[in-house]
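Here's the structure, in structure tokens; my notes come after.
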Amino acid sequence: MRIHKIIPLLTVVVFVLLHVFAYPGTRFSNDSYRYARSAYEFLGDPYRKAQDKALRAYCADTAAMLQRNRMLHQIEFRAPVRSYEFQDCLTEHADGLNPSNSRYEALFHARLAYPLVAAPFVRLLGAKAGLTAVALGFTALGGLLVLVLLRALRAPPPVAWLGQCLYYVTPIGLWGSRPMTEGPMIALMVAMLLGAVWLCQGRRVAGALLSVGAFALGFAVKYSSFALVGPCLVAASALALMFVPQARHKGTRCLLIVSLFESLVAFAMSRALRLPGLEDSLQDTFSLHWTYAEVADPWRRLARLDVNYWWQWLQGEALAPSLLFLLALGVWGAMSRSVPIALCLIAVGGTGLLTSVAHPVAMEGDRLYVQVWLIVVVGLPLLVERLRRSGGAPGAPPVRSDPLLKSKGRRRRTARLERLPPTSRLEGVDMRPDTHPG
């Protein structure tokens, strides 16, 4: 087996081992408790028993976290372990964790896929370990999908491997390995992005199947996030068709049709299943999960809170603008490689910013917009490759921007058409030979 095939697998092993080592420091949150309860219900437990098992997992993790905090306290680090904290937690939350409002519970009842997939692992490993194993597995898979995506963009193996590593070391790896839906959600968004790349390259059947399959599973994982991906990709493909002449081909049109289909399905399923919508989400935010009365003007409050949130967010970023700097480099790298694919990348990553705009909650900001890091993960390696080739040895092929990336079959046809007289070529199609390796 070639070394460039072994290294990505070794990288996955290292990533998993690091998170196994860090596992005691991960938090079994209020959300995790609800996913664990659903997993136990899928395993056949009645609601009350499932709730009790999930609560015991939450209280055990809470007691362990309190002990970890004491171990770092300069006065209490030598104090004995407090064995009563676990039982106190069970007593305090005997009726389950708050909030217990039915409208808040409905937000989690609609996210069936994650606890369903995790249920066998929860039975085998326990609530926290089982949920974490599934999230970690999806995150490991997401890194490999980034590798495949960059290879599809004709990045050489070391550059594609760089993208896989960035996926693991950015906040995607942090949030994706916790017992919540971020791991499956982001991995499935990468799969949709890979499907968009294949469609732009003319691989219509494979691209459409991958995109629709990832969307269907993602909608069952976290429907609110995937309801945004379809319209964003519709906008990206429409912009490519309007402003990039070389992108006016069947693949881009197929991407527009597939994305429009996904958007309509998301809307129809949300209405048919009566899933909580944006209005419910706003009331959830401004009533603090319905522990306070609902507000009469949620949209006006959202606009005012967004102004406060993003102004202070920009002030914080100005002190150490690493994310903004890396995003600029990622967009530059993607645009220099292919404008249509850069638009798709910005569309998928931009769903994180849209989520934060709809939920400007400062305490959870970096989790809510975590998928924006996909722009860095994919775009930065492409920029590295472009700069590497720009400063390469004399006589190396010049670096150029590819508005349209074609499949292998089309590249062979392109090579034949290059030998034809100019008048015999198809107008408006990029017929230049590929100068990129891979």
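Chain labels follow the order of the structure tokens: the first chain is A, the next B, and so on; residue numbering restarts at 1 in every chain, and ligands are counted from 1 in their shown order.
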
- Task: May I have the residues within 8 Å of A:Thr351 as a list in words, using only C-alpha atoms and disregarding those fewer than 2 positions away in the same chain?
- Result: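 These residues fall inside the cut-off: Ser225, Leu228, Val229, Cys232, Ala347, Val348, Gly349, Leu353, Leu354, Thr355, Tyr369, Gln371 and Val372 of chain A.
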
Could you dump the residues just selected with N, CA, C and O atoms as a short mmCIF file (atom, residue, chain, number, x, y, z; two decimals), in the first residue's frame?
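Dumped to selection.cif:
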data_model
loop_
_atom_site.label_atom_id
_atom_site.label_comp_id
_atom_site.auth_asym_id
_atom_site.auth_seq_id
_atom_site.Cartn_x
_atom_site.Cartn_y
_atom_site.Cartn_z
N SER A 225 -30.63 22.66 10.61
CA SER A 225 -29.39 23.01 9.90
C SER A 225 -29.47 22.64 8.43
O SER A 225 -29.03 23.41 7.57
N LEU A 228 -31.27 24.77 5.85
CA LEU A 228 -30.55 25.93 5.33
C LEU A 228 -29.63 25.58 4.17
O LEU A 228 -29.36 26.42 3.31
N VAL A 229 -29.10 24.34 4.16
CA VAL A 229 -28.08 23.98 3.17
C VAL A 229 -28.65 24.03 1.76
O VAL A 229 -28.01 24.54 0.83
N CYS A 232 -29.08 27.58 0.37
CA CYS A 232 -27.76 28.19 0.17
C CYS A 232 -27.08 27.65 -1.08
O CYS A 232 -26.45 28.39 -1.84
N ALA A 347 -21.35 28.66 0.58
CA ALA A 347 -22.76 28.41 0.89
C ALA A 347 -22.89 27.43 2.06
O ALA A 347 -23.66 27.67 3.00
N VAL A 348 -22.15 26.32 2.01
CA VAL A 348 -22.25 25.32 3.07
C VAL A 348 -21.67 25.86 4.38
O VAL A 348 -22.28 25.75 5.44
N GLY A 349 -20.48 26.46 4.31
CA GLY A 349 -19.89 27.03 5.52
C GLY A 349 -20.70 28.18 6.07
O GLY A 349 -20.77 28.37 7.29
N LEU A 353 -22.96 30.77 9.96
CA LEU A 353 -23.22 32.17 10.27
C LEU A 353 -24.71 32.46 10.29
O LEU A 353 -25.20 33.22 11.14
N LEU A 354 -25.46 31.86 9.37
CA LEU A 354 -26.92 32.04 9.38
C LEU A 354 -27.54 31.49 10.66
O LEU A 354 -28.47 32.09 11.21
N THR A 355 -27.02 30.36 11.12
CA THR A 355 -27.51 29.79 12.38
C THR A 355 -27.25 30.73 13.54
O THR A 355 -28.11 30.93 14.41
N TYR A 369 -21.72 28.33 15.00
CA TYR A 369 -21.20 28.63 13.66
C TYR A 369 -19.99 27.76 13.31
O TYR A 369 -19.20 28.11 12.44
N GLN A 371 -19.52 25.17 11.53
CA GLN A 371 -19.32 24.71 10.15
C GLN A 371 -18.68 25.77 9.26
O GLN A 371 -18.25 25.46 8.14
N VAL A 372 -18.56 27.02 9.74
CA VAL A 372 -17.87 28.03 8.94
C VAL A 372 -16.40 27.67 8.77
O VAL A 372 -15.74 28.11 7.83
#

- Query: Which is closer to A:Lys222 than all the others in A:Arg301, A:Arg111, A:Arg248, A:Lys49, using only C-alpha atoms?
  - Reply: A:Arg111

- Message: Neighbouring residues of A:Ser211 were defined as those with any atom within 6 Å, considering only C-alpha atoms; residues of the same chain fewer than 2 positions away were excluded. Please report them as a list in words.
- Response: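 That gives Met192, Gly195, Ala208, Leu209, Gly213 and Ala214 of chain A.
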
- Message: Which residue is closest to A:Gly218? Choose from A:Gln51, A:Gln315, A:Gln201, A:Thr181 and count only C-alpha atoms.
- Response: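 With only C-alpha atoms as the atom set, the closest residue is A:Thr181.
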
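For the atom pair formed by atom CA of A:Leu314 and atom CA of A:Leu193, the distance is 28.0 Å, given to one decimal.
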
- Query: Residues at most 9 Å from stretch 319-333 of chain A, counting only C-alpha atoms, excluding those fewer than 2 positions away in the same chain, as a list in words?
  - Reply: Leu314, Gln315, Gly316, Glu317, Met335, Ser336, Arg337, Ser338, Ala342, Leu345, Ile346, Val372, Trp373, Leu374, Ile375, Val376, Val377, Val378, Gly379, Leu380, Pro381, Leu382, Leu383, Val384, Glu385 and Arg386 of chain A

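Across the structure, atom CA of A:Ala152 and atom CA of A:Leu188 are spaced 17.1 Å apart.
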
- Close residues, A:Asp280 itself excluded, 12 Å, only C-alpha atoms, min 6 positions apart in chain, as a ChimeraX atom specification: /A:102-107,224,274,286-290,294-295,298-299,358-359

- Pick the closest to A:Trp198 from A:Leu153, A:Ala236, A:Val357, A:Leu174: which is it, counting only C-alpha atoms?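 Checking each candidate against A:Trp198, we get A:Leu153 as the closest.
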
Once you count only C-alpha atoms, what closest atom pair and distance in Å to one decimal does each residue of stretch 132-168 of chain A within 9 Å of stretch 3-24 of chain A have, with rows by chain and rising residue number, as a tab-separated table?
residue	atom	partner	partner_atom	distance
A:Thr132	CA	A:Tyr23	CA	8.6
A:Leu136	CA	A:Val16	CA	7.3
A:Gly137	CA	A:Val16	CA	8.4
A:Ala140	CA	A:Val12	CA	6.0
A:Leu141	CA	A:Val12	CA	8.5
A:Gly143	CA	A:Val12	CA	8.1
A:Leu144	CA	A:Pro8	CA	7.3
A:Leu147	CA	A:Pro8	CA	8.2
A:Pro157	CA	A:His4	CA	6.2
A:Pro158	CA	A:His4	CA	7.5
A:Trp161	CA	A:Pro8	CA	6.5
A:Gln164	CA	A:Pro8	CA	7.6
A:Cys165	CA	A:Thr11	CA	7.5
A:Tyr168	CA	A:Phe15	CA	7.0

- For atom CA of A:Ala94 and atom CA of A:Asp45, the interatomic separation in Å (one decimal):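 If I compute the distance from atom CA of A:Ala94 to atom CA of A:Asp45, I get 17.6 Å.
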
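With only C-alpha atoms as the atoms that count, the minimum distance from A:Thr291 to the choices A:Gln312, A:Ser100, A:Ser390, A:Ser237 is reached by A:Ser100.
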
- Message: Considering only helix (DSSP H, G or I) as DSSP defines it on the backbone, what residues of stretch 1-72 of chain A qualify? List them as a ChimeraX atom specification.
- Response: /A:3-25,30-42,47-71

Can you write out the residues you just picked, keeping C-alpha atoms, as a short mmCIF file (atom, residue, chain, number, x, y, z; two decimals), in the first residue's frame?
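Output (out-v8.cif):
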data_model
loop_
_atom_site.label_atom_id
_atom_site.label_comp_id
_atom_site.auth_asym_id
_atom_site.auth_seq_id
_atom_site.Cartn_x
_atom_site.Cartn_y
_atom_site.Cartn_z
CA ILE A 3 2.42 5.77 1.87
CA HIS A 4 -0.13 8.45 0.88
CA LYS A 5 -2.89 5.90 1.52
CA ILE A 6 -1.49 4.79 4.88
CA ILE A 7 -0.92 8.26 6.36
CA PRO A 8 -4.61 9.35 6.30
CA LEU A 9 -5.59 6.15 8.13
CA LEU A 10 -2.82 6.64 10.68
CA THR A 11 -4.07 10.21 11.12
CA VAL A 12 -7.53 8.88 11.96
CA VAL A 13 -6.01 6.50 14.52
CA VAL A 14 -4.04 9.33 16.15
CA PHE A 15 -7.14 11.56 16.18
CA VAL A 16 -9.24 8.87 17.87
CA LEU A 17 -6.53 8.03 20.43
CA LEU A 18 -6.16 11.69 21.37
CA HIS A 19 -9.89 11.97 21.99
CA VAL A 20 -9.95 8.73 23.96
CA PHE A 21 -7.27 10.28 26.17
CA ALA A 22 -9.30 13.51 26.47
CA TYR A 23 -12.60 11.67 27.02
CA PRO A 24 -12.80 12.31 30.81
CA GLY A 25 -12.67 16.05 30.14
CA ASN A 30 -28.18 18.81 28.95
CA ASP A 31 -28.55 18.10 25.21
CA SER A 32 -26.60 14.84 25.60
CA TYR A 33 -29.00 13.77 28.34
CA ARG A 34 -31.92 14.15 25.93
CA TYR A 35 -30.21 12.19 23.16
CA ALA A 36 -29.33 9.44 25.65
CA ARG A 37 -32.95 9.27 26.82
CA SER A 38 -34.10 8.85 23.22
CA ALA A 39 -31.45 6.16 22.62
CA TYR A 40 -32.70 4.17 25.61
CA GLU A 41 -36.26 4.51 24.34
CA PHE A 42 -35.14 3.11 20.97
CA TYR A 47 -39.95 6.69 29.03
CA ARG A 48 -39.49 6.86 32.81
CA LYS A 49 -36.79 4.18 32.86
CA ALA A 50 -35.00 5.76 29.88
CA GLN A 51 -35.10 9.12 31.64
CA ASP A 52 -33.67 7.62 34.81
CA LYS A 53 -30.76 5.98 32.96
CA ALA A 54 -29.96 9.18 31.08
CA LEU A 55 -30.18 11.19 34.31
CA ARG A 56 -27.78 8.84 36.09
CA ALA A 57 -25.30 9.30 33.26
CA TYR A 58 -25.66 13.07 33.49
CA CYS A 59 -25.26 13.15 37.28
CA ALA A 60 -22.25 10.82 37.21
CA ASP A 61 -20.54 13.06 34.67
CA THR A 62 -21.48 16.20 36.62
CA ALA A 63 -19.99 14.80 39.83
CA ALA A 64 -16.82 13.78 37.99
CA MET A 65 -16.52 17.25 36.44
CA LEU A 66 -16.87 18.93 39.84
CA GLN A 67 -14.10 16.70 41.16
CA ARG A 68 -11.86 17.58 38.21
CA ASN A 69 -12.41 21.27 38.94
CA ARG A 70 -11.51 20.76 42.61
CA MET A 71 -8.28 19.04 41.60
#

- Message: Using only C-alpha atoms for the distances, tell me which of A:Ala235, A:Leu166, A:Ala266, A:Val159 is nearest to A:Val212.
- Response: A:Ala266
